[in-house]
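Trainee: upload25.tsv is reproduced in full below (TSV, C-alpha atoms and all ligand atoms).
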```
chain	number	residue	atom	x	y	z
A	1	MET	CA	21.23	50.35	16.98
A	2	ALA	CA	23.09	47.77	19.06
A	3	PRO	CA	25.85	45.93	17.20
A	4	VAL	CA	25.09	42.61	15.54
A	5	ALA	CA	27.62	39.78	15.93
A	6	PHE	CA	28.16	37.48	12.96
A	7	ILE	CA	30.18	34.28	13.45
A	8	GLY	CA	31.07	32.21	10.39
A	9	LEU	CA	31.97	34.38	7.41
A	10	GLY	CA	32.34	31.66	4.77
A	11	ASN	CA	30.75	31.38	1.33
A	12	MET	CA	27.29	32.10	2.73
A	13	GLY	CA	27.96	34.04	5.93
A	14	ASN	CA	30.22	36.62	4.31
A	15	PRO	CA	27.70	38.01	1.79
A	16	MET	CA	24.91	37.77	4.39
A	17	ALA	CA	26.94	39.79	6.88
A	18	ARG	CA	27.93	42.27	4.18
A	19	ASN	CA	24.25	42.87	3.39
A	20	LEU	CA	23.69	43.77	7.05
A	21	VAL	CA	26.62	46.21	6.86
A	22	LYS	CA	25.17	47.71	3.66
A	23	ALA	CA	21.83	48.19	5.44
A	24	GLY	CA	23.57	50.32	8.09
A	25	HIS	CA	24.16	47.78	10.88
A	26	ASP	CA	27.31	47.82	12.99
A	27	VAL	CA	28.36	44.20	12.40
A	28	ARG	CA	31.10	42.60	14.52
A	29	GLY	CA	32.28	39.57	12.59
A	30	PHE	CA	34.51	36.65	13.42
A	31	ASP	CA	35.76	33.63	11.48
A	32	LEU	CA	38.68	31.25	11.95
A	33	SER	CA	39.83	32.11	8.42
A	34	PRO	CA	41.91	35.31	8.05
A	35	ASP	CA	40.93	35.50	4.36
A	36	ALA	CA	37.23	35.54	5.25
A	37	LEU	CA	37.84	38.28	7.83
A	38	LYS	CA	39.73	40.35	5.27
A	39	VAL	CA	36.85	40.28	2.76
A	40	PHE	CA	34.39	41.20	5.52
A	41	GLY	CA	36.61	44.05	6.77
A	42	GLU	CA	37.02	45.47	3.28
A	43	ALA	CA	33.22	45.65	3.01
A	44	GLY	CA	32.99	47.82	6.14
A	45	GLY	CA	32.48	45.16	8.79
A	46	THR	CA	34.21	45.36	12.17
A	47	ILE	CA	36.62	42.48	12.67
A	48	ALA	CA	36.51	41.04	16.19
A	49	ASP	CA	39.54	39.38	17.80
A	50	ASN	CA	37.50	36.29	18.66
A	51	ALA	CA	33.90	35.10	18.90
A	52	THR	CA	33.51	36.17	22.54
A	53	ALA	CA	34.65	39.71	21.76
A	54	ALA	CA	32.18	39.83	18.85
A	55	VAL	CA	29.16	39.06	21.05
A	56	GLU	CA	30.00	41.14	24.14
A	57	SER	CA	28.12	44.28	23.13
A	58	ALA	CA	25.71	42.63	20.68
A	59	ARG	CA	21.99	42.06	21.24
A	60	ILE	CA	21.69	39.79	18.20
A	61	VAL	CA	24.17	37.03	17.27
A	62	VAL	CA	24.02	35.30	13.88
A	63	THR	CA	25.93	32.06	13.30
A	64	MET	CA	26.60	30.47	9.88
A	65	LEU	CA	28.78	27.41	10.52
A	66	PRO	CA	29.48	24.10	8.77
A	67	ALA	CA	27.61	21.60	10.99
A	68	GLY	CA	25.91	20.79	14.32
A	69	GLN	CA	29.10	20.03	16.22
A	70	HIS	CA	30.52	23.49	15.40
A	71	VAL	CA	27.34	25.24	16.55
A	72	LYS	CA	27.11	23.26	19.78
A	73	ALA	CA	30.81	23.73	20.59
A	74	LEU	CA	30.68	27.48	19.96
A	75	LEU	CA	27.47	28.28	21.80
A	76	THR	CA	27.13	25.90	24.75
A	77	GLY	CA	29.16	24.90	27.77
A	78	VAL	CA	31.79	26.73	29.79
A	79	GLY	CA	33.39	29.38	27.59
A	80	GLY	CA	30.51	29.15	25.09
A	81	LEU	CA	28.78	32.23	23.71
A	82	PHE	CA	25.59	31.67	25.76
A	83	ALA	CA	27.76	32.22	28.83
A	84	ALA	CA	29.49	35.29	27.33
A	85	ALA	CA	26.50	37.20	25.92
A	86	GLN	CA	24.23	39.63	27.77
A	87	ALA	CA	21.03	38.01	29.12
A	88	GLY	CA	18.18	38.16	26.61
A	89	THR	CA	20.45	38.23	23.56
A	90	LEU	CA	18.84	36.76	20.43
A	91	PHE	CA	20.82	33.96	18.76
A	92	ILE	CA	19.93	33.15	15.14
A	93	ASP	CA	21.63	30.02	13.82
A	94	CYS	CA	21.43	30.01	10.03
A	95	SER	CA	23.67	26.93	9.58
A	96	THR	CA	22.13	23.72	8.25
A	97	ILE	CA	22.44	21.27	11.16
A	98	ASP	CA	20.68	18.17	12.49
A	99	VAL	CA	17.29	18.67	14.13
A	100	GLU	CA	18.37	16.95	17.36
A	101	THR	CA	21.34	19.29	17.94
A	102	ALA	CA	19.22	22.33	17.00
A	103	ARG	CA	16.70	21.39	19.71
A	104	GLU	CA	19.43	20.63	22.25
A	105	VAL	CA	21.11	24.01	21.61
A	106	ALA	CA	17.74	25.81	21.82
A	107	GLU	CA	17.16	24.26	25.25
A	108	ALA	CA	20.62	25.37	26.40
A	109	ALA	CA	19.83	28.89	25.14
A	110	SER	CA	16.61	28.97	27.11
A	111	ASP	CA	18.39	27.69	30.26
A	112	ALA	CA	20.95	30.50	29.83
A	113	GLY	CA	18.22	33.16	29.49
A	114	MET	CA	18.79	33.71	25.75
A	115	LEU	CA	16.34	33.81	22.84
A	116	MET	CA	17.10	31.31	20.08
A	117	LEU	CA	15.95	30.68	16.53
A	118	ASP	CA	17.14	28.04	14.09
A	119	ALA	CA	16.88	29.70	10.68
A	120	PRO	CA	18.55	27.67	7.91
A	121	VAL	CA	18.40	29.04	4.40
A	122	SER	CA	17.92	28.02	0.83
A	123	GLY	CA	18.99	30.05	-2.18
A	124	GLY	CA	22.74	29.39	-2.17
A	125	VAL	CA	25.59	31.86	-2.52
A	126	GLY	CA	23.71	33.77	-5.26
A	127	GLY	CA	20.75	34.28	-2.93
A	128	ALA	CA	23.05	35.28	-0.07
A	129	GLU	CA	24.70	37.91	-2.26
A	130	ALA	CA	21.44	39.25	-3.65
A	131	GLY	CA	19.70	39.26	-0.24
A	132	THR	CA	16.99	36.96	-1.60
A	133	LEU	CA	17.43	33.89	0.61
A	134	THR	CA	14.52	31.87	1.94
A	135	PHE	CA	14.70	31.51	5.74
A	136	MET	CA	12.93	28.60	7.45
A	137	ALA	CA	12.74	29.52	11.11
A	138	GLY	CA	12.04	27.44	14.20
A	139	GLY	CA	11.66	28.81	17.71
A	140	PRO	CA	9.35	30.90	19.94
A	141	ALA	CA	7.17	33.61	18.40
A	142	ASP	CA	8.99	36.42	20.27
A	143	ALA	CA	12.36	35.25	18.89
A	144	PHE	CA	10.91	35.15	15.39
A	145	ALA	CA	9.43	38.63	15.71
A	146	ALA	CA	12.74	40.03	16.99
A	147	ALA	CA	14.72	38.33	14.19
A	148	LYS	CA	12.37	39.23	11.33
A	149	PRO	CA	13.71	42.75	10.53
A	150	LEU	CA	17.26	41.36	10.21
A	151	LEU	CA	16.16	38.33	8.19
A	152	ASP	CA	14.24	40.67	5.87
A	153	ILE	CA	17.55	42.34	4.95
A	154	MET	CA	19.23	39.04	4.06
A	155	GLY	CA	16.26	37.27	2.52
A	156	LYS	CA	13.09	37.56	0.52
A	157	THR	CA	10.91	34.80	1.94
A	158	ILE	CA	10.87	34.37	5.72
A	159	VAL	CA	8.71	31.57	7.11
A	160	HIS	CA	8.09	30.71	10.76
A	161	ALA	CA	7.89	26.90	10.64
A	162	GLY	CA	7.03	26.34	14.32
A	163	GLY	CA	8.97	25.53	17.48
A	164	ALA	CA	12.69	24.89	17.99
A	165	GLY	CA	14.22	22.66	15.30
A	166	ASN	CA	11.34	23.10	12.86
A	167	GLY	CA	13.42	25.36	10.60
A	168	GLN	CA	15.95	22.53	10.26
A	169	ALA	CA	13.12	20.02	9.76
A	170	ALA	CA	11.71	22.13	6.90
A	171	LYS	CA	15.15	22.50	5.33
A	172	ILE	CA	15.92	18.76	5.21
A	173	CYS	CA	12.40	17.82	4.06
A	174	ASN	CA	12.65	20.37	1.22
A	175	ASN	CA	16.12	19.25	0.19
A	176	MET	CA	15.08	15.59	0.25
A	177	ILE	CA	12.39	16.51	-2.31
A	178	LEU	CA	15.05	18.35	-4.32
A	179	GLY	CA	17.61	15.50	-4.26
A	180	VAL	CA	15.04	12.87	-5.24
A	181	SER	CA	13.47	15.05	-7.94
A	182	MET	CA	16.85	15.93	-9.47
A	183	ILE	CA	17.65	12.23	-9.79
A	184	ALA	CA	14.19	11.54	-11.28
A	185	VAL	CA	14.55	14.33	-13.87
A	186	SER	CA	18.11	13.22	-14.70
A	187	GLU	CA	17.02	9.60	-15.19
A	188	ALA	CA	14.25	10.78	-17.53
A	189	PHE	CA	16.76	12.68	-19.71
A	190	VAL	CA	19.13	9.68	-19.75
A	191	LEU	CA	16.28	7.40	-20.82
A	192	ALA	CA	15.17	9.95	-23.47
A	193	GLU	CA	18.73	9.97	-24.88
A	194	LYS	CA	18.65	6.16	-25.20
A	195	LEU	CA	15.25	6.33	-26.92
A	196	GLY	CA	16.25	9.06	-29.39
A	197	LEU	CA	14.01	11.71	-27.81
A	198	ASP	CA	15.46	15.23	-28.05
A	199	HIS	CA	16.24	17.07	-24.76
A	200	GLN	CA	14.29	20.14	-25.82
A	201	LYS	CA	11.25	18.08	-26.87
A	202	LEU	CA	11.15	16.28	-23.51
A	203	PHE	CA	11.54	19.63	-21.75
A	204	ASP	CA	8.75	21.29	-23.79
A	205	ILE	CA	6.39	18.45	-23.01
A	206	SER	CA	7.22	17.69	-19.36
A	207	SER	CA	7.58	21.32	-18.29
A	208	THR	CA	3.89	21.82	-19.09
A	209	ALA	CA	2.76	18.31	-18.15
A	210	SER	CA	2.61	16.30	-14.93
A	211	GLY	CA	6.40	15.83	-14.75
A	212	GLN	CA	6.84	19.57	-14.11
A	213	CYS	CA	9.03	20.42	-11.11
A	214	TRP	CA	11.76	22.89	-10.06
A	215	SER	CA	14.58	20.46	-10.92
A	216	LEU	CA	13.27	20.44	-14.50
A	217	THR	CA	12.08	23.97	-15.14
A	218	THR	CA	14.56	26.08	-13.12
A	219	TYR	CA	17.58	23.85	-12.72
A	220	CYS	CA	17.38	21.62	-15.81
A	221	PRO	CA	20.30	19.09	-15.67
A	222	VAL	CA	20.98	19.18	-19.44
A	223	PRO	CA	22.31	22.22	-21.31
A	224	GLY	CA	19.92	24.15	-23.53
A	225	PRO	CA	16.35	24.30	-22.26
A	226	VAL	CA	17.08	26.56	-19.23
A	227	PRO	CA	20.04	28.78	-20.18
A	228	ALA	CA	20.80	29.84	-16.57
A	229	SER	CA	21.06	26.29	-15.18
A	230	PRO	CA	24.55	24.97	-14.13
A	231	ALA	CA	24.42	22.35	-16.93
A	232	ASN	CA	25.21	25.24	-19.32
A	233	ARG	CA	28.49	26.02	-17.52
A	234	ASP	CA	29.85	22.51	-17.18
A	235	TYR	CA	28.06	22.01	-13.84
A	236	ALA	CA	30.00	24.69	-11.97
A	237	ALA	CA	28.17	25.07	-8.60
A	238	GLY	CA	25.58	26.48	-7.77
A	239	PHE	CA	24.73	24.13	-4.98
A	240	THR	CA	27.43	21.49	-4.70
A	241	ALA	CA	26.78	17.76	-4.69
A	242	ASP	CA	28.68	17.66	-1.37
A	243	MET	CA	26.09	20.04	0.15
A	244	MET	CA	23.22	17.96	-1.25
A	245	TRP	CA	24.77	14.79	0.17
A	246	LYS	CA	25.16	16.50	3.57
A	247	ASP	CA	21.46	17.47	3.61
A	248	LEU	CA	20.34	13.99	2.46
A	249	LYS	CA	22.41	12.43	5.26
A	250	LEU	CA	20.76	14.80	7.77
A	251	ALA	CA	17.35	13.76	6.40
A	252	GLN	CA	18.27	10.06	6.78
A	253	ASP	CA	19.49	10.62	10.35
A	254	ALA	CA	16.19	12.32	11.16
A	255	ALA	CA	14.19	9.57	9.42
A	256	ARG	CA	15.97	6.93	11.51
A	257	THR	CA	15.47	8.69	14.84
A	258	SER	CA	11.83	9.59	14.10
A	259	GLY	CA	10.89	6.24	12.52
A	260	ALA	CA	9.76	7.79	9.20
A	261	ALA	CA	10.00	5.56	6.11
A	262	THR	CA	11.91	7.46	3.39
A	263	PRO	CA	13.10	4.78	0.92
A	264	LEU	CA	13.63	7.19	-1.99
A	265	GLY	CA	15.48	9.62	0.29
A	266	ALA	CA	17.75	6.72	1.32
A	267	GLU	CA	18.40	5.81	-2.32
A	268	ALA	CA	19.10	9.45	-3.21
A	269	SER	CA	21.57	9.68	-0.32
A	270	ALA	CA	23.36	6.52	-1.54
A	271	LEU	CA	23.53	7.82	-5.14
A	272	TYR	CA	24.98	11.18	-4.04
A	273	ALA	CA	27.49	9.30	-1.85
A	274	LEU	CA	28.67	7.36	-4.91
A	275	PHE	CA	28.76	10.51	-7.05
A	276	CYS	CA	30.70	12.51	-4.43
A	277	ASN	CA	33.12	9.65	-3.71
A	278	ARG	CA	33.88	9.47	-7.44
A	279	GLY	CA	34.94	13.15	-7.40
A	280	GLY	CA	31.61	14.86	-8.17
A	281	GLY	CA	31.35	16.54	-4.74
A	282	PRO	CA	32.57	20.05	-5.65
A	283	THR	CA	30.48	20.24	-8.84
A	284	ASP	CA	26.83	21.25	-8.97
A	285	PHE	CA	24.40	18.61	-7.67
A	286	SER	CA	22.63	18.52	-11.06
A	287	GLY	CA	25.85	16.93	-12.40
A	288	ILE	CA	24.47	13.63	-11.01
A	289	ILE	CA	23.13	13.16	-14.56
A	290	ARG	CA	26.69	12.50	-15.75
A	291	PHE	CA	27.07	9.83	-13.10
A	292	LEU	CA	23.74	8.24	-14.14
A	293	ARG	CA	24.96	8.14	-17.75
A	294	GLY	CA	28.03	6.27	-16.51
A	295	GLU	CA	30.40	9.05	-17.60
A	296	ALA	CA	33.87	9.07	-16.04
A	301	LIG	P1	31.79	27.58	4.53
A	301	LIG	O1	32.62	26.39	4.88
A	301	LIG	O2	32.16	28.39	3.34
A	301	LIG	O3	31.73	28.58	5.80
A	301	LIG	C1	31.74	28.17	7.13
A	301	LIG	C2	32.68	29.13	7.86
A	301	LIG	O4	32.60	28.86	9.26
A	301	LIG	C3	34.15	28.98	7.46
A	301	LIG	O5	34.62	30.20	6.95
A	301	LIG	C4	34.85	28.55	8.76
A	301	LIG	O6	36.13	29.09	8.88
A	301	LIG	C5	33.89	29.13	9.79
A	301	LIG	N1	33.99	28.51	11.11
A	301	LIG	C6	33.94	27.21	11.45
A	301	LIG	N2	34.03	27.07	12.80
A	301	LIG	C7	34.13	28.32	13.32
A	301	LIG	C8	34.24	28.83	14.63
A	301	LIG	N3	34.28	28.05	15.69
A	301	LIG	N4	34.33	30.16	14.78
A	301	LIG	C9	34.31	30.99	13.70
A	301	LIG	N5	34.19	30.56	12.43
A	301	LIG	C10	34.10	29.24	12.25
A	301	LIG	O7	30.30	27.04	4.40
A	301	LIG	P2	29.06	27.80	3.71
A	301	LIG	O8	28.91	27.34	2.30
A	301	LIG	O9	29.11	29.24	4.03
A	301	LIG	O10	27.85	27.12	4.50
A	301	LIG	C11	27.55	27.48	5.83
A	301	LIG	C12	26.28	26.76	6.25
A	301	LIG	O11	25.23	27.08	5.34
A	301	LIG	C13	26.41	25.23	6.22
A	301	LIG	O12	25.74	24.71	7.32
A	301	LIG	C14	25.74	24.85	4.92
A	301	LIG	O13	25.19	23.55	4.95
A	301	LIG	C15	24.66	25.91	4.80
A	301	LIG	N6	24.22	26.21	3.43
A	301	LIG	C16	25.13	26.40	2.44
A	301	LIG	C17	24.68	26.69	1.16
A	301	LIG	C18	25.66	26.92	0.02
A	301	LIG	O14	25.22	26.96	-1.13
A	301	LIG	N7	26.94	27.10	0.27
A	301	LIG	C19	23.30	26.81	0.89
A	301	LIG	C20	22.42	26.64	1.94
A	301	LIG	C21	22.87	26.34	3.22
```
Render the structure in this file as structure tokens.

Mentor:
Amino acid sequence: MAPVAFIGLGNMGNPMARNLVKAGHDVRGFDLSPDALKVFGEAGGTIADNATAAVESARIVVTMLPAGQHVKALLTGVGGLFAAAQAGTLFIDCSTIDVETAREVAEAASDAGMLMLDAPVSGGVGGAEAGTLTFMAGGPADAFAAAKPLLDIMGKTIVHAGGAGNGQAAKICNNMILGVSMIAVSEAFVLAEKLGLDHQKLFDISSTASGQCWSLTTYCPVPGPVPASPANRDYAAGFTADMMWKDLKLAQDAARTSGAATPLGAEASALYALFCNRGGGPTDFSGIIRFLRGEA
């Protein structure tokens, strides 16, 4: 098996790369952080001196980076990885980035004779560790087919969403639903508190009625009804409010450029901005309920 290069060994990338190592792949990893490299090396990964060295002998390159500008800077242009890799190498970008940059990078990949897939994930650090992520992939069918065996190791649900950028489109549409629905569920609990309606009673009724949704039944923002939800551990993330705000901003950027009307998405983005700017950013995104209550 040809080596796999993995660039970006942060909170998500590290456990994803370690799952590839566990499955028997020779993984050449690189990150700017020496601490991240150390954890990866201790798990049996091969530490590369730099990103170019990581991709030289690889036929598949996975990237898991913070944002679009990092992906574009690393992959494209003179000295970029498209110029360094062997022709026909498959690039899988699992970062969450803006649709426009994803499509631009895919075009640059094609011009350089590379295969490219945008494949952002949902499932968080827990899903990355357990190998149960959901991958939403955009790109040509041959790139998807070539990537599928690797994605199957790191994830449980792998969906081909269409052409280049459609993985990112699916990710921001899904997370816009999530951000809006978490605010809606939180507002309902805050109103119930004011009206003297018990959390558990509202949960028992709405979880089997038309208010049912993931934000209520899996990720309930009050402690008690769903013991595994972050509300039961003082809103330790989970999925941080900062990450939710990032995805809502990406959705708003895409709504503006495409002309889609997303008024609730805009409101959700503004509410998460306020929550994050007041210090809520590193906590779980379901902690927005505390902000809606007016808690300090
Ligand atoms: P992170 O900040 O922990 O990791 C990013 C890593 O990229 C860092 O270790 C950083 O040093 C490295 N990096 C940046 N530029 C680099 C470069 N040029 N070369 C090599 N390494 C470089 O972030 P994360 O939580 O792992 O998230 C990664 C991506 O996954 C983001 O796009 C995020 O939106 C997305 N995501 C995160 C979660 C989550 O729960 N954390 C869930 C879904 C999607």

Trainee: Output the neighbourhood of ligand LIG 301 (chain A) as a PyMOL selection string, that is, all protein and nucleic acid residues with some atom at most 9 Å from the ligand, counting all atoms listed in the file.

Mentor: chain A and resi 6-14+29-37+50-51+63-68+70-71+73-74+94-97+120-128+133+171+237-240+243-244+246-247

Trainee: How many Å separate CA of Pro282 (chain A) from CA of Ala102 (chain A)?

Mentor: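 Result for CA of Pro282 (chain A) versus CA of Ala102 (chain A): 26.4 Å, one decimal.
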
Trainee: Which residue is closest to Asp118 (chain A)? Choose from A:Ala266, A:Ala145, A:Leu197, A:Ala169 and count only C-alpha atoms.

Mentor: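 Closest candidate: A:Ala169.
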
Trainee: May I have the residues within 12 Å of Glu56 (chain A) as a PyMOL selection string, using all atoms listed in the file and disregarding those fewer than 3 positions away in the same chain?

Mentor: chain A and resi 2-6+28-29+48-53+59-61+81-87+89

Trainee: Any idea what the distance is between CA of Thr218 (chain A) and CA of Thr132 (chain A)?

Mentor: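 CA of Thr218 (chain A) sits 16.0 Å away from CA of Thr132 (chain A).
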
Trainee: Just to confirm, what's the straight-line distance from CA of Asn175 (chain A) to CA of Met154 (chain A) in Å (one decimal)?

Mentor: 20.4 Å

Trainee: For Phe285 (chain A), please output as a ChimeraX atom specification all residues within 12 Å (counting all atoms listed in the file; exclusion window: fewer than 6 positions along the same chain).

Mentor: /A:175,178-183,186,215,219-221,229-231,234-248,268-269,271-273,275-276,279,291

Trainee: Which residue out of A:Leu75, A:Ala130, A:Ala17, A:Leu151 has the minimum interatomic distance to Ala109 (chain A) when only C-alpha atoms are used?

Mentor: A:Leu75

Trainee: Show which residues sit within 10 Å of Ala254 (chain A), as a count of residues only. Count all atoms listed in the file, and ignore same-chain residues fewer than 5 positions away.

Mentor: 10

Trainee: For each of A:Phe91, A:Phe144, A:Phe135, A:Trp214, take the minimum atom-to-atom distance to Met114 (chain A), counting all atoms listed in the file, then give the residue where this is smallest.

Mentor: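 So, comparing all the options, the nearest one is A:Phe91.
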
Trainee: Taking all atoms listed in the file into account, which of A:Ser110, A:Asn174, A:Asn166, A:Gly294 comes nearest Arg278 (chain A)?

Mentor: A:Gly294

Trainee: What lies within 9 Å of Ala106 (chain A) using only C-alpha atoms, ignoring chain neighbours under 5 positions off, as a list in words?

Mentor: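 Those residues are Thr101, Asp111, Met114, Leu115, Met116, Leu117, Asp118, Gly139, Ala164 and Gly165 of chain A.
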
Trainee: When you look at Phe203 (chain A) with a cut-off of 9 Å (counting only C-alpha atoms), what residues show up, excluding the ones that are within fewer than 6 positions of it in the same chain? I need them as a compact mmCIF listing (two decimals) with C-alpha atoms, keeping the file's coordinate frame.

Mentor:
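Saved the output as part15.txt:
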```
# COMPACT_ATOMS: atom_id res chain seq x y z
CA PHE A 189 16.76 12.68 -19.71
CA GLN A 212 6.84 19.57 -14.11
CA LEU A 216 13.27 20.44 -14.50
CA THR A 217 12.08 23.97 -15.14
CA CYS A 220 17.38 21.62 -15.81
CA PRO A 225 16.35 24.30 -22.26
```

Trainee: Step by step: start from the point (17.8, 42.8, 6.9) in the file's coordinates, keep every protein, DNA or RNA residue that has an atom no farther than 10 Å from it, count all atoms listed in the file, and write the set as a list of chain:residue names.

Mentor: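 Residues found, by chain and rising number: A:Met16, A:Ala17, A:Asn19, A:Leu20, A:Val21, A:Lys22, A:Ala23, A:Gly24, A:His25, A:Gly131, A:Ala147, A:Lys148, A:Pro149, A:Leu150, A:Leu151, A:Asp152, A:Ile153, A:Met154, A:Gly155, A:Lys156.
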